[in-house]
Each structure stands twice: as C-alpha cells, then as structure tokens.
>>> print(open('start16.pdb').read())   # PDB, C-alpha atoms
ATOM      1  CA  MET J   1     -45.300 -47.299  17.285
ATOM      2  CA  TYR J   2     -43.853 -47.328  13.759
ATOM      3  CA  ILE J   3     -40.273 -46.928  15.099
ATOM      4  CA  LYS J   4     -40.606 -50.143  17.091
ATOM      5  CA  LYS J   5     -41.873 -52.050  14.035
ATOM      6  CA  LEU J   6     -39.026 -50.666  11.938
ATOM      7  CA  GLY J   7     -36.379 -51.608  14.443
ATOM      8  CA  LYS J   8     -33.917 -49.252  16.109
ATOM      9  CA  LYS J   9     -30.968 -50.189  13.866
ATOM     10  CA  ASN J  10     -32.927 -49.776  10.631
ATOM     11  CA  PHE J  11     -34.417 -46.517  11.882
ATOM     12  CA  ILE J  12     -30.940 -45.061  12.497
ATOM     13  CA  ILE J  13     -29.754 -46.164   9.040
ATOM     14  CA  LEU J  14     -32.818 -44.610   7.402
ATOM     15  CA  THR J  15     -32.376 -41.354   9.345
ATOM     16  CA  LEU J  16     -28.708 -41.075   8.312
ATOM     17  CA  PHE J  17     -29.696 -41.739   4.700
ATOM     18  CA  PHE J  18     -32.214 -38.875   4.692
ATOM     19  CA  LEU J  19     -29.739 -36.509   6.381
ATOM     20  CA  PHE J  20     -27.032 -37.343   3.851
ATOM     21  CA  THR J  21     -29.469 -36.883   0.958
ATOM     22  CA  ALA J  22     -30.629 -33.508   2.279
ATOM     23  CA  VAL J  23     -27.076 -32.212   2.735
ATOM     24  CA  PHE J  24     -25.993 -33.496  -0.697
ATOM     25  CA  ASN J  25     -28.970 -31.894  -2.446
ATOM     26  CA  SER J  26     -28.481 -28.632  -0.549
ATOM     27  CA  ASN J  27     -24.797 -28.444  -1.508
ATOM     28  CA  SER J  28     -25.585 -29.320  -5.135
ATOM     29  CA  MET J  29     -28.152 -26.539  -5.378
ATOM     30  CA  LEU J  30     -25.744 -24.077  -3.760
ATOM     31  CA  ALA J  31     -22.950 -25.038  -6.152
ATOM     32  CA  LYS J  32     -25.243 -24.512  -9.138
ATOM     33  CA  SER J  33     -26.494 -21.148  -7.895
ATOM     34  CA  LYS J  34     -23.185 -19.566  -7.037
ATOM     35  CA  LYS J  35     -21.792 -16.757  -9.173
ATOM     36  CA  LYS J  36     -18.049 -16.372  -9.190
ATOM     37  CA  LEU J  37     -16.564 -13.267  -7.638
ATOM     38  CA  ASP J  38     -15.017 -10.922 -10.189
ATOM     39  CA  SER J  39     -12.609  -9.404  -7.694
ATOM     40  CA  LYS J  40     -11.588  -8.836  -4.109
ATOM     41  CA  GLU J  41     -10.841  -5.314  -2.911
ATOM     42  CA  TYR J  42      -8.696  -4.901   0.202
ATOM     43  CA  LYS J  43      -9.310  -1.550   1.941
ATOM     44  CA  ILE J  44      -7.828   0.557   4.717
ATOM     45  CA  LEU J  45      -9.522   3.784   5.844
ATOM     46  CA  LEU J  46      -7.023   6.546   6.647
ATOM     47  CA  LYS J  47      -7.191   9.593   8.916
ATOM     48  CA  ALA J  48      -8.089  12.893   7.271
ATOM     49  CA  ARG J  49      -5.428  14.886   9.156
ATOM     50  CA  LYS J  50      -2.687  12.852   7.489
ATOM     51  CA  PHE J  51      -3.722  14.319   4.115
ATOM     52  CA  LYS J  52      -3.937  18.058   4.756
ATOM     53  CA  ASN J  53      -1.206  18.197   2.140
ATOM     54  CA  SER J  54      -2.688  15.612  -0.202
ATOM     55  CA  SER J  55       0.377  15.036  -2.391
ATOM     56  CA  ALA J  56       2.755  14.689   0.561
ATOM     57  CA  GLY J  57       0.366  12.397   2.463
ATOM     58  CA  ALA J  58      -0.237  10.205  -0.578
ATOM     59  CA  PHE J  59       3.491   9.953  -1.345
ATOM     60  CA  THR J  60       4.394   9.034   2.250
ATOM     61  CA  PHE J  61       1.721   6.351   2.598
ATOM     62  CA  LEU J  62       2.368   4.843  -0.822
ATOM     63  CA  GLN J  63       6.072   4.667  -0.012
ATOM     64  CA  LEU J  64       5.162   2.693   3.116
ATOM     65  CA  VAL J  65       3.189   0.271   0.916
ATOM     66  CA  ILE J  66       5.976  -0.115  -1.660
ATOM     67  CA  ASN J  67       8.659  -0.641   1.005
ATOM     68  CA  LEU J  68       6.576  -3.288   2.768
ATOM     69  CA  ALA J  69       5.889  -5.029  -0.538
ATOM     70  CA  ALA J  70       9.634  -5.179  -1.213
ATOM     71  CA  GLU J  71      10.185  -6.794   2.216
ATOM     72  CA  HIS J  72       7.642  -9.469   1.260
ATOM     73  CA  GLY J  73       9.225 -10.049  -2.145
ATOM     74  CA  ILE J  74       6.235  -8.469  -3.942
ATOM     75  CA  PRO J  75       7.315  -6.357  -6.943
ATOM     76  CA  PHE J  76       5.621  -3.016  -7.609
ATOM     77  CA  SER J  77       5.291  -1.446 -11.047
ATOM     78  CA  ALA J  78       3.698   1.804 -12.126
ATOM     79  CA  GLY J  79       2.794   0.317 -15.501
ATOM     80  CA  PRO J  80       3.316   2.117 -18.835
ATOM     81  CA  GLY J  81       1.084   5.003 -19.834
ATOM     82  CA  ARG J  82      -0.955   5.134 -16.616
ATOM     83  CA  LYS J  83      -2.777   8.292 -15.566
ATOM     84  CA  SER J  84      -1.420   8.696 -12.039
ATOM     85  CA  SER J  85      -4.225  10.881 -10.625
ATOM     86  CA  TYR J  86      -7.549  12.507 -11.425
ATOM     87  CA  SER J  87     -10.408  14.298  -9.652
ATOM     88  CA  ARG J  88     -14.146  13.662  -9.793
ATOM     89  CA  GLU J  89     -17.366  14.692  -8.078
ATOM     90  CA  VAL J  90     -19.101  11.916  -6.127
ATOM     91  CA  VAL J  91     -22.766  12.159  -5.118
ATOM     92  CA  TYR J  92     -25.048   9.633  -3.391
ATOM     93  CA  LEU J  93     -28.753   9.796  -4.207
ATOM     94  CA  ASP J  94     -31.638   8.579  -2.044
ATOM     95  CA  THR J  95     -35.079   9.514  -0.755
ATOM     96  CA  LYS J  96     -35.427  11.765   2.274
ATOM     97  CA  ASP J  97     -36.025   8.653   4.435
ATOM     98  CA  PHE J  98     -33.033   6.805   2.916
ATOM     99  CA  ASP J  99     -35.299   4.081   1.539
ATOM    100  CA  LEU J 100     -32.665   2.716  -0.847
ATOM    101  CA  TYR J 101     -30.079   2.466   1.924
ATOM    102  CA  GLU J 102     -32.611   0.709   4.175
ATOM    103  CA  ASN J 103     -33.102  -1.862   1.392
ATOM    104  CA  ASN J 104     -29.301  -2.407   1.183
ATOM    105  CA  TYR J 105     -29.038  -0.469  -2.093
ATOM    106  CA  ILE J 106     -26.643   2.388  -2.788
ATOM    107  CA  LEU J 107     -27.120   4.741  -5.720
ATOM    108  CA  ARG J 108     -24.034   6.748  -6.671
ATOM    109  CA  LYS J 109     -23.256   9.268  -9.390
ATOM    110  CA  ARG J 110     -19.669  10.149 -10.331
ATOM    111  CA  TYR J 111     -18.537  12.939 -12.623
ATOM    112  CA  ARG J 112     -14.920  13.193 -13.771
ATOM    113  CA  LEU J 113     -13.886  16.833 -13.868
ATOM    114  CA  SER J 114     -11.194  16.584 -16.554
ATOM    115  CA  ASP J 115     -13.147  14.951 -19.393
ATOM    116  CA  LYS J 116     -16.754  15.523 -18.206
ATOM    117  CA  LYS J 117     -17.447  11.748 -18.257
ATOM    118  CA  HIS J 118     -19.910  10.482 -15.698
ATOM    119  CA  ASP J 119     -21.550   7.253 -14.586
ATOM    120  CA  ILE J 120     -24.268   6.058 -12.259
ATOM    121  CA  VAL J 121     -23.958   2.902 -10.187
ATOM    122  CA  LEU J 122     -26.594   0.851  -8.384
ATOM    123  CA  LYS J 123     -25.001  -1.415  -5.794
ATOM    124  CA  TYR J 124     -26.467  -4.012  -3.439
ATOM    125  CA  ARG J 125     -24.344  -4.762  -0.358
ATOM    126  CA  ALA J 126     -24.699  -7.666   2.095
ATOM    127  CA  LYS J 127     -22.713  -9.660   4.632
ATOM    128  CA  SER J 128     -23.921 -12.837   2.961
ATOM    129  CA  PHE J 129     -22.441 -14.100  -0.334
ATOM    130  CA  GLN J 130     -25.760 -15.724  -1.282
ATOM    131  CA  GLU J 131     -27.809 -12.614  -0.562
ATOM    132  CA  ALA J 132     -25.536 -10.419  -2.667
ATOM    133  CA  GLU J 133     -25.336 -12.844  -5.599
ATOM    134  CA  ASN J 134     -29.138 -13.078  -5.772
ATOM    135  CA  ALA J 135     -29.672  -9.303  -5.752
ATOM    136  CA  ASN J 136     -31.213  -7.540  -8.745
ATOM    137  CA  VAL J 137     -29.244  -4.664 -10.270
ATOM    138  CA  GLU J 138     -30.230  -5.185 -13.916
ATOM    139  CA  VAL J 139     -30.607  -2.283 -16.345
ATOM    140  CA  THR J 140     -33.252  -1.888 -19.047
ATOM    141  CA  SER J 141     -32.461  -2.689 -22.676
ATOM    142  CA  SER J 142     -32.046   1.033 -23.416
ATOM    143  CA  PHE J 143     -28.785   1.094 -21.468
ATOM    144  CA  LYS J 144     -25.551  -0.846 -21.406
ATOM    145  CA  GLY J 145     -24.515  -1.870 -17.921
ATOM    146  CA  ASN J 146     -21.250  -3.172 -16.508
ATOM    147  CA  LYS J 147     -21.958  -5.655 -13.693
ATOM    148  CA  LYS J 148     -19.448  -6.515 -10.987
ATOM    149  CA  PHE J 149     -19.594  -9.025  -8.127
ATOM    150  CA  GLU J 150     -17.011  -8.152  -5.496
ATOM    151  CA  GLU J 151     -15.876  -8.877  -1.959
ATOM    152  CA  ASP J 152     -14.663  -5.891   0.066
ATOM    153  CA  ILE J 153     -12.204  -6.848   2.802
ATOM    154  CA  SER J 154     -11.208  -4.533   5.625
ATOM    155  CA  SER J 155      -9.419  -4.893   8.933
ATOM    156  CA  LYS J 156     -11.662  -5.526  11.941
ATOM    157  CA  SER J 157      -9.201  -6.106  14.798
ATOM    158  CA  GLY J 158      -5.836  -7.814  15.033
ATOM    159  CA  ASN J 159      -5.670 -10.471  12.329
ATOM    160  CA  ASN J 160      -9.460 -10.546  11.905
ATOM    161  CA  PHE J 161     -11.027  -9.203   8.721
ATOM    162  CA  ASN J 162     -14.486  -7.995   7.838
ATOM    163  CA  SER J 163     -16.034  -9.020   4.494
ATOM    164  CA  VAL J 164     -18.924  -7.386   2.662
ATOM    165  CA  PHE J 165     -20.185  -8.685  -0.675
ATOM    166  CA  SER J 166     -21.612  -6.420  -3.335
ATOM    167  CA  LEU J 167     -23.287  -6.800  -6.706
ATOM    168  CA  SER J 168     -23.281  -3.604  -8.746
ATOM    169  CA  ASN J 169     -24.143  -2.343 -12.196
ATOM    170  CA  LYS J 170     -22.531   0.739 -13.691
ATOM    171  CA  VAL J 171     -24.019   2.752 -16.541
ATOM    172  CA  LYS J 172     -21.700   5.135 -18.330
ATOM    173  CA  SER J 173     -24.538   7.472 -18.883
ATOM    174  CA  ASP J 174     -25.392   9.990 -21.537
ATOM    175  CA  ILE J 175     -28.194  11.101 -19.219
ATOM    176  CA  LYS J 176     -27.441  14.730 -18.462
ATOM    177  CA  ASP J 177     -30.224  15.006 -15.910
ATOM    178  CA  ILE J 178     -30.586  11.982 -13.614
ATOM    179  CA  PRO J 179     -34.312  11.207 -13.059
ATOM    180  CA  LYS J 180     -35.496  12.790  -9.850
ATOM    181  CA  THR J 181     -37.978  10.141  -8.649
ATOM    182  CA  ILE J 182     -37.990   6.390  -7.984
ATOM    183  CA  ASN J 183     -40.355   5.895 -10.940
ATOM    184  CA  GLY J 184     -38.097   7.950 -13.184
ATOM    185  CA  LEU J 185     -34.940   6.049 -12.289
ATOM    186  CA  SER J 186     -36.710   2.707 -12.639
ATOM    187  CA  THR J 187     -36.532   3.343 -16.410
ATOM    188  CA  VAL J 188     -32.810   2.638 -15.923
ATOM    189  CA  PHE J 189     -32.909   0.162 -13.004
ATOM    190  CA  PRO J 190     -36.306  -1.634 -13.074
ATOM    191  CA  ILE J 191     -35.874  -3.200  -9.609
ATOM    192  CA  LEU J 192     -36.496   0.219  -8.048
ATOM    193  CA  SER J 193     -40.162   0.045  -9.023
ATOM    194  CA  LYS J 194     -40.513  -3.307  -7.232
ATOM    195  CA  LEU J 195     -39.203  -2.144  -3.857
ATOM    196  CA  LYS J 196     -41.666  -1.002  -1.224
ATOM    197  CA  ILE J 197     -40.911   2.643  -1.945
ATOM    198  CA  PRO J 198     -43.514   5.093  -3.302
ATOM    199  CA  GLY J 199     -42.838   5.689  -6.990
ATOM    200  CA  ILE J 200     -43.285   9.433  -6.571
ATOM    201  CA  ALA J 201     -40.623   9.556  -3.827
ATOM    202  CA  LYS J 202     -38.059  12.175  -4.811
ATOM    203  CA  LEU J 203     -34.344  11.445  -5.090
ATOM    204  CA  SER J 204     -31.901  14.027  -3.828
ATOM    205  CA  THR J 205     -28.271  14.314  -2.781
ATOM    206  CA  VAL J 206     -27.816  12.464   0.532
ATOM    207  CA  ASN J 207     -27.437  15.005   3.329
ATOM    208  CA  ASN J 208     -26.632  17.571   0.617
ATOM    209  CA  ARG J 209     -23.034  16.300   0.584
ATOM    210  CA  LYS J 210     -21.170  16.627  -2.679
ATOM    211  CA  ILE J 211     -17.761  15.026  -2.467
ATOM    212  CA  ILE J 212     -14.734  15.957  -4.513
ATOM    213  CA  GLU J 213     -12.533  12.891  -4.766
ATOM    214  CA  LYS J 214      -8.872  13.034  -5.685
ATOM    215  CA  LYS J 215      -7.788   9.573  -6.749
ATOM    216  CA  TYR J 216      -4.216   8.383  -7.154
ATOM    217  CA  SER J 217      -3.652   5.237  -9.231
ATOM    218  CA  PRO J 218       0.049   4.547  -8.728
ATOM    219  CA  GLY J 219       0.390   1.029 -10.152
ATOM    220  CA  PHE J 220       0.334  -2.686  -9.415
ATOM    221  CA  LEU J 221       1.498  -5.092  -6.717
ATOM    222  CA  TYR J 222       2.560  -8.393  -8.317
ATOM    223  CA  PHE J 223       1.663 -11.197  -5.904
ATOM    224  CA  SER J 224       2.649 -13.757  -8.550
ATOM    225  CA  ASN J 225       3.357 -13.880 -12.280
ATOM    226  CA  LYS J 226      -0.373 -14.117 -12.992
ATOM    227  CA  VAL J 227      -1.948 -12.234 -10.073
ATOM    228  CA  LYS J 228      -1.616  -8.515  -9.522
ATOM    229  CA  GLY J 229      -3.355  -6.024  -7.263
ATOM    230  CA  GLU J 230      -4.242  -2.628  -8.703
ATOM    231  CA  THR J 231      -3.522   0.020  -6.062
ATOM    232  CA  ALA J 232      -5.503   3.193  -5.451
ATOM    233  CA  LEU J 233      -5.492   5.965  -2.888
ATOM    234  CA  SER J 234      -8.621   8.122  -2.662
ATOM    235  CA  ILE J 235      -8.950  11.374  -0.731
ATOM    236  CA  TRP J 236     -12.454  12.756  -0.181
ATOM    237  CA  TYR J 237     -13.028  16.482   0.291
ATOM    238  CA  LEU J 238     -16.202  18.023   1.680
ATOM    239  CA  ASN J 239     -16.446  21.822   1.462
ATOM    240  CA  GLU J 240     -12.726  21.905   0.575
ATOM    241  CA  LYS J 241     -11.733  20.050   3.764
ATOM    242  CA  VAL J 242     -10.442  16.477   3.813
ATOM    243  CA  LEU J 243     -13.233  14.204   5.072
ATOM    244  CA  ILE J 244     -11.524  10.796   4.809
ATOM    245  CA  ALA J 245      -8.933   8.892   2.786
ATOM    246  CA  GLU J 246      -8.687   5.262   1.740
ATOM    247  CA  PHE J 247      -5.985   2.990   0.370
ATOM    248  CA  SER J 248      -7.025  -0.123  -1.527
ATOM    249  CA  PHE J 249      -5.768  -2.765  -3.883
ATOM    250  CA  THR J 250      -8.040  -4.825  -6.111
ATOM    251  CA  VAL J 251      -7.264  -8.392  -7.157
ATOM    252  CA  LYS J 252      -9.191  -9.776 -10.126
ATOM    253  CA  LEU J 253     -10.097 -13.438  -9.774
ATOM    254  CA  LYS J 254      -9.658 -14.834 -13.286
ATOM    255  CA  SER J 255      -7.123 -17.317 -11.927
ATOM    256  CA  LYS J 256      -6.378 -18.742  -8.493
ATOM    257  CA  GLY J 257      -4.262 -16.338  -6.515
ATOM    258  CA  PRO J 258      -1.622 -16.761  -3.835
ATOM    259  CA  ASN J 259      -4.131 -16.147  -1.032
ATOM    260  CA  LYS J 260      -1.651 -16.687   1.793
ATOM    261  CA  VAL J 261       0.784 -14.137   0.329
ATOM    262  CA  ILE J 262      -1.997 -11.570  -0.094
ATOM    263  CA  LYS J 263      -3.413 -12.166   3.392
ATOM    264  CA  ASN J 264       0.013 -11.941   5.067
ATOM    265  CA  PHE J 265       0.814  -8.720   3.205
ATOM    266  CA  PHE J 266      -2.540  -7.121   4.053
ATOM    267  CA  THR J 267      -2.267  -8.179   7.708
ATOM    268  CA  GLU J 268       1.188  -6.651   8.023
ATOM    269  CA  LEU J 269       0.134  -3.501   6.155
ATOM    270  CA  ASN J 270      -2.661  -2.990   8.693
ATOM    271  CA  ARG J 271      -0.173  -3.415  11.525
ATOM    272  CA  ARG J 272       2.403  -1.036  10.023
ATOM    273  CA  SER J 273      -0.172   1.652   9.240
ATOM    274  CA  ILE J 274      -1.720   1.687  12.728
ATOM    275  CA  HIS J 275      -1.025   5.431  13.156
ATOM    276  CA  TRP J 276      -2.652   6.195   9.815
ATOM    277  CA  LYS J 277      -5.820   4.149  10.218
ATOM    278  CA  GLU J 278      -9.301   5.532  10.832
ATOM    279  CA  LYS J 279     -11.476   3.249  12.930
ATOM    280  CA  GLY J 280     -14.816   1.589  12.404
ATOM    281  CA  THR J 281     -16.550   3.132   9.418
ATOM    282  CA  THR J 282     -16.827   3.163   5.633
ATOM    283  CA  LYS J 283     -16.672   6.116   3.268
ATOM    284  CA  THR J 284     -20.337   5.643   2.369
ATOM    285  CA  SER J 285     -21.500   5.577   5.984
ATOM    286  CA  LEU J 286     -19.893   8.987   6.531
ATOM    287  CA  ILE J 287     -22.141  10.422   3.836
ATOM    288  CA  TYR J 288     -25.263   8.977   5.457
ATOM    289  CA  LYS J 289     -24.423  10.156   9.002
TER     290      LYS J 289
END
>>> encode(input="start16.pdb", output="structure tokens")
Amino acid sequence: MYIKKLGKKNFIILTLFFLFTAVFNSNSMLAKSKKKLDSKEYKILLKARKFKNSSAGAFTFLQLVINLAAEHGIPFSAGPGRKSSYSREVVYLDTKDFDLYENNYILRKRYRLSDKKHDIVLKYRAKSFQEAENANVEVTSSFKGNKKFEEDISSKSGNNFNSVFSLSNKVKSDIKDIPKTINGLSTVFPILSKLKIPGIAKLSTVNNRKIIEKKYSPGFLYFSNKVKGETALSIWYLNEKVLIAEFSFTVKLKSKGPNKVIKNFFTELNRRSIHWKEKGTTKTSLIYK
C-alpha cells in the first residue's frame, strides 16, 4: 500500500496540508466573489385591525417606536423638507402558474397616485447570501436600472431573527403599457428569456389583487453620528379594506454600524409590539395566497 510506504506521520502531514490549502483557496474565492450589501431592512408585520383608522394607528405605533428609541438613547428626527406620506398602487405580475415566483423572482409594478410616476422592479430573493449575490437582474441597454443588494431581517421567535437576501433592479419606467408576455418583458430584463418559462406565457396581475399602499415616512433613527435608519410605515388596502401593515427601518451600509445597538433596539421593539404583530408571513406571500 502507498500509505505504508509514505509512512503514517508523513501521510497525516500531507493530508493536513491539502485540507488547509483547500480551505484557504475556498475562502479566497468566496472573498473575491462577494458583493457588499447596500443596506439592511428591519421589518415588523402589523395586524390589519390596528389600522382601521390609518392615521391614528400609524401615530400610535410610531409614538411607541420614538419613545423606545429615547429609552435607548437613540435620537429621532423628522428631517427637513420630508414628504411625510403618500399613496401608490402596487401590483405583482406573474404567469398563471406563478413561474417567476417558483424561480425565486418577484416582478412588481408601483404607481404613485399624486405625481403619476411609476417603476417596475425585478427582485431575486434567497435565504443564501451567495445565491442572491449571483442572481441576474440586469436590464438591457435601452433602460437605466437602479440595483440594490439588501438583507431583510424580521423577527422569528424570541431573540431569533430570520434573514432573506435580495438582489433587485428598479426601472423608473416611461413604459405606459408593461409588456404582457415573458418574451415582451425580456426586452427589459433579459434573464426572463433564459428561465425555463415559455416565452409566450402571459403576465397578469397575481390573483387579480391590486393593492393601494399608504406609506408614512416619518424620519430617521440615529444609531450613531454616522449611521441612521430611515423609518417607514406601510398600510396595504385591498378592496378598500386594510390587508396588512408593516413598520421598517433601513440602514445603509456605507460605513460600519453599531450592530449591537441596532440589534438590541430591534429585539426590544419586537417585544414591546407583541400585541401589534402579525405572525409568520410576508406582504408578498399574502398576494400569492
């Protein structure tokens, strides 16, 4: 046997060398391939019944947030010249068999009611950082996209959190009529033609659900001099009834943030808002039910 000729001691040394080399090369490749996250968004789903009176519900919950922030020594500021609220129509598009959703893609169109501005977003979502970073959401040269790589963090149970990574591309579109087939929309997002979906498959509003979203943008939580979280409270209406609400704050990752401060605040906010929280779903999953 070759092992006997090599000698047990030398064999062990050689084995350790190969293991070390493999791990080192693997880590080096991973380090080179990694994109940096643009932001982290911390989210809490809220019960619809708490927002039958949307203004009163939003004010009460946001006051809870501001009071808790003050207890943690986290300043809150509305910021000069901010538009505190606006409404928009939100529509998800997919084939009748939800082929995009089955491939981890979400296609969303939003239309702001006040200024008629609209955008379309293609988003790839995954539990794995590597899977999300390697997704394709590119747009053709005819369009200008705005890419974002984000981690969404929500409460799972107790002090445990659930993370989902997403890579998205937003087109502030002058397209008045969104293409109605996979082939048509692939002129905007070419990856759609490469998925195992028939090109002639028609795109339509998922479950015929058109959402009216009222979004409050009250201001910023200052976790440090350099790191702030932009707060938002969204209320979704379906057929004029509140479907769900969500509070979030988004931290951009241009500089290292006070992660412990943010985590402690978010953990306590989940605990304090226990009677407000909706369990076990996302806004998007409600549309696909």
>>> resolve_selection(input="start16.pdb", expression="the PyMOL selection byres ((chain J and resi 143-147) around 6)", output="list in words")
Thr140, Ser141, Ser142, Lys148, Ser168, Asn169, Lys170 and Val171 of chain J
>>> write_last_selection(input="start16.pdb", atoms="C-alpha atoms", output="PDB file, in the frame of the given file")
ATOM      1  CA  THR J 140     -33.252  -1.888 -19.047  1.00  0.00           C
ATOM      2  CA  SER J 141     -32.461  -2.689 -22.676  1.00  0.00           C
ATOM      3  CA  SER J 142     -32.046   1.033 -23.416  1.00  0.00           C
ATOM      4  CA  LYS J 148     -19.448  -6.515 -10.987  1.00  0.00           C
ATOM      5  CA  SER J 168     -23.281  -3.604  -8.746  1.00  0.00           C
ATOM      6  CA  ASN J 169     -24.143  -2.343 -12.196  1.00  0.00           C
ATOM      7  CA  LYS J 170     -22.531   0.739 -13.691  1.00  0.00           C
ATOM      8  CA  VAL J 171     -24.019   2.752 -16.541  1.00  0.00           C
TER       9      VAL J 171
END
>>> atom_distance(input="start16.pdb", atom1="CA of Phe266 in chain J", atom2="CA of Tyr42 in chain J")
7.6 Å
>>> atom_distance(input="start16.pdb", atom1="CA of Gly219 in chain J", atom2="CA of Gly73 in chain J")
16.3 Å
>>> axis_aligned_box(input="start16.pdb", around="range 227-233 of chain J", padding_each_side="5 Å", output="JSON")
{"center_x": -3.6, "center_y": -3.1, "center_z": -6.5, "size_x": 13.9, "size_y": 28.2, "size_z": 17.2}
>>> residues_around(input="start16.pdb", residues="Asp99 in chain J", least_positions_apart="3", cutoff="12 Å", atoms="all atoms listed in the file", output="list in words")
Leu93, Asp94, Thr95, Lys96, Glu102, Asn103, Asn104, Tyr105, Ile106, Leu107, Ile182, Leu192, Leu195, Lys196, Ile197, Pro198, Gly199, Ala201, Lys202, Leu203, Ser204, Val206 and Tyr288 of chain J
>>> atom_distance(input="start16.pdb", atom1="CA of Ile153 in chain J", atom2="CA of Lys43 in chain J")
6.1 Å
>>> closest_residue(input="start16.pdb", among="J:Lys117, J:His72, J:Lys123, J:Lys210", to="Phe223 in chain J", atoms="all atoms listed in the file")
J:His72
>>> residues_around(input="start16.pdb", residues="Ile287 in chain J", least_positions_apart="4", cutoff="12 Å", atoms="all atoms listed in the file", output="ChimeraX atom specification")
/J:90-94,98,101,106,108,205-211,236-238,243-244,281-283
>>> residues_around(input="start16.pdb", residues="Gly57 in chain J", least_positions_apart="6", cutoff="12 Å", atoms="all atoms listed in the file", output="VMD selection string")
chain J and resid 46 to 51 63 to 64 216 233 to 235 242 245 to 247 276
>>> closest_residue(input="start16.pdb", among="J:Tyr124, J:Phe220, J:Phe189, J:Phe165", to="Glu41 in chain J", atoms="all atoms listed in the file")
J:Phe165
>>> closest_residue(input="start16.pdb", among="J:Ile178, J:Ile44, J:Lys172, J:Pro258", to="Asn225 in chain J", atoms="only C-alpha atoms")
J:Pro258
>>> residues_around(input="start16.pdb", residues="Ser114 in chain J", least_positions_apart="5", cutoff="8 Å", atoms="all atoms listed in the file", output="list in words")
Tyr86, Ser87 and Arg88 of chain J
>>> resolve_selection(input="start16.pdb", expression="the PyMOL selection byres ((chain J and resi 217) around 12)", output="PyMOL selection string")
chain J and resi 58-59+62+77-79+81-87+214-216+218-221+229-235+247-250
>>> closest_residue(input="start16.pdb", among="J:Leu68, J:Ser224, J:Ile212, J:Ser55", to="Lys241 in chain J", atoms="all atoms listed in the file")
J:Ile212
>>> resolve_selection(input="start16.pdb", expression="the PyMOL selection byres ((chain J and resi 253) around 10)", output="number ranges by chain")
J: 36-40, 150, 227-228, 250-252, 254-257
>>> write_last_selection(input="start16.pdb", atoms="C-alpha atoms", output="PDB file, in the frame of the given file")
ATOM      1  CA  LYS J  36     -18.049 -16.372  -9.190  1.00  0.00           C
ATOM      2  CA  LEU J  37     -16.564 -13.267  -7.638  1.00  0.00           C
ATOM      3  CA  ASP J  38     -15.017 -10.922 -10.189  1.00  0.00           C
ATOM      4  CA  SER J  39     -12.609  -9.404  -7.694  1.00  0.00           C
ATOM      5  CA  LYS J  40     -11.588  -8.836  -4.109  1.00  0.00           C
ATOM      6  CA  GLU J 150     -17.011  -8.152  -5.496  1.00  0.00           C
ATOM      7  CA  VAL J 227      -1.948 -12.234 -10.073  1.00  0.00           C
ATOM      8  CA  LYS J 228      -1.616  -8.515  -9.522  1.00  0.00           C
ATOM      9  CA  THR J 250      -8.040  -4.825  -6.111  1.00  0.00           C
ATOM     10  CA  VAL J 251      -7.264  -8.392  -7.157  1.00  0.00           C
ATOM     11  CA  LYS J 252      -9.191  -9.776 -10.126  1.00  0.00           C
ATOM     12  CA  LYS J 254      -9.658 -14.834 -13.286  1.00  0.00           C
ATOM     13  CA  SER J 255      -7.123 -17.317 -11.927  1.00  0.00           C
ATOM     14  CA  LYS J 256      -6.378 -18.742  -8.493  1.00  0.00           C
ATOM     15  CA  GLY J 257      -4.262 -16.338  -6.515  1.00  0.00           C
TER      16      GLY J 257
END
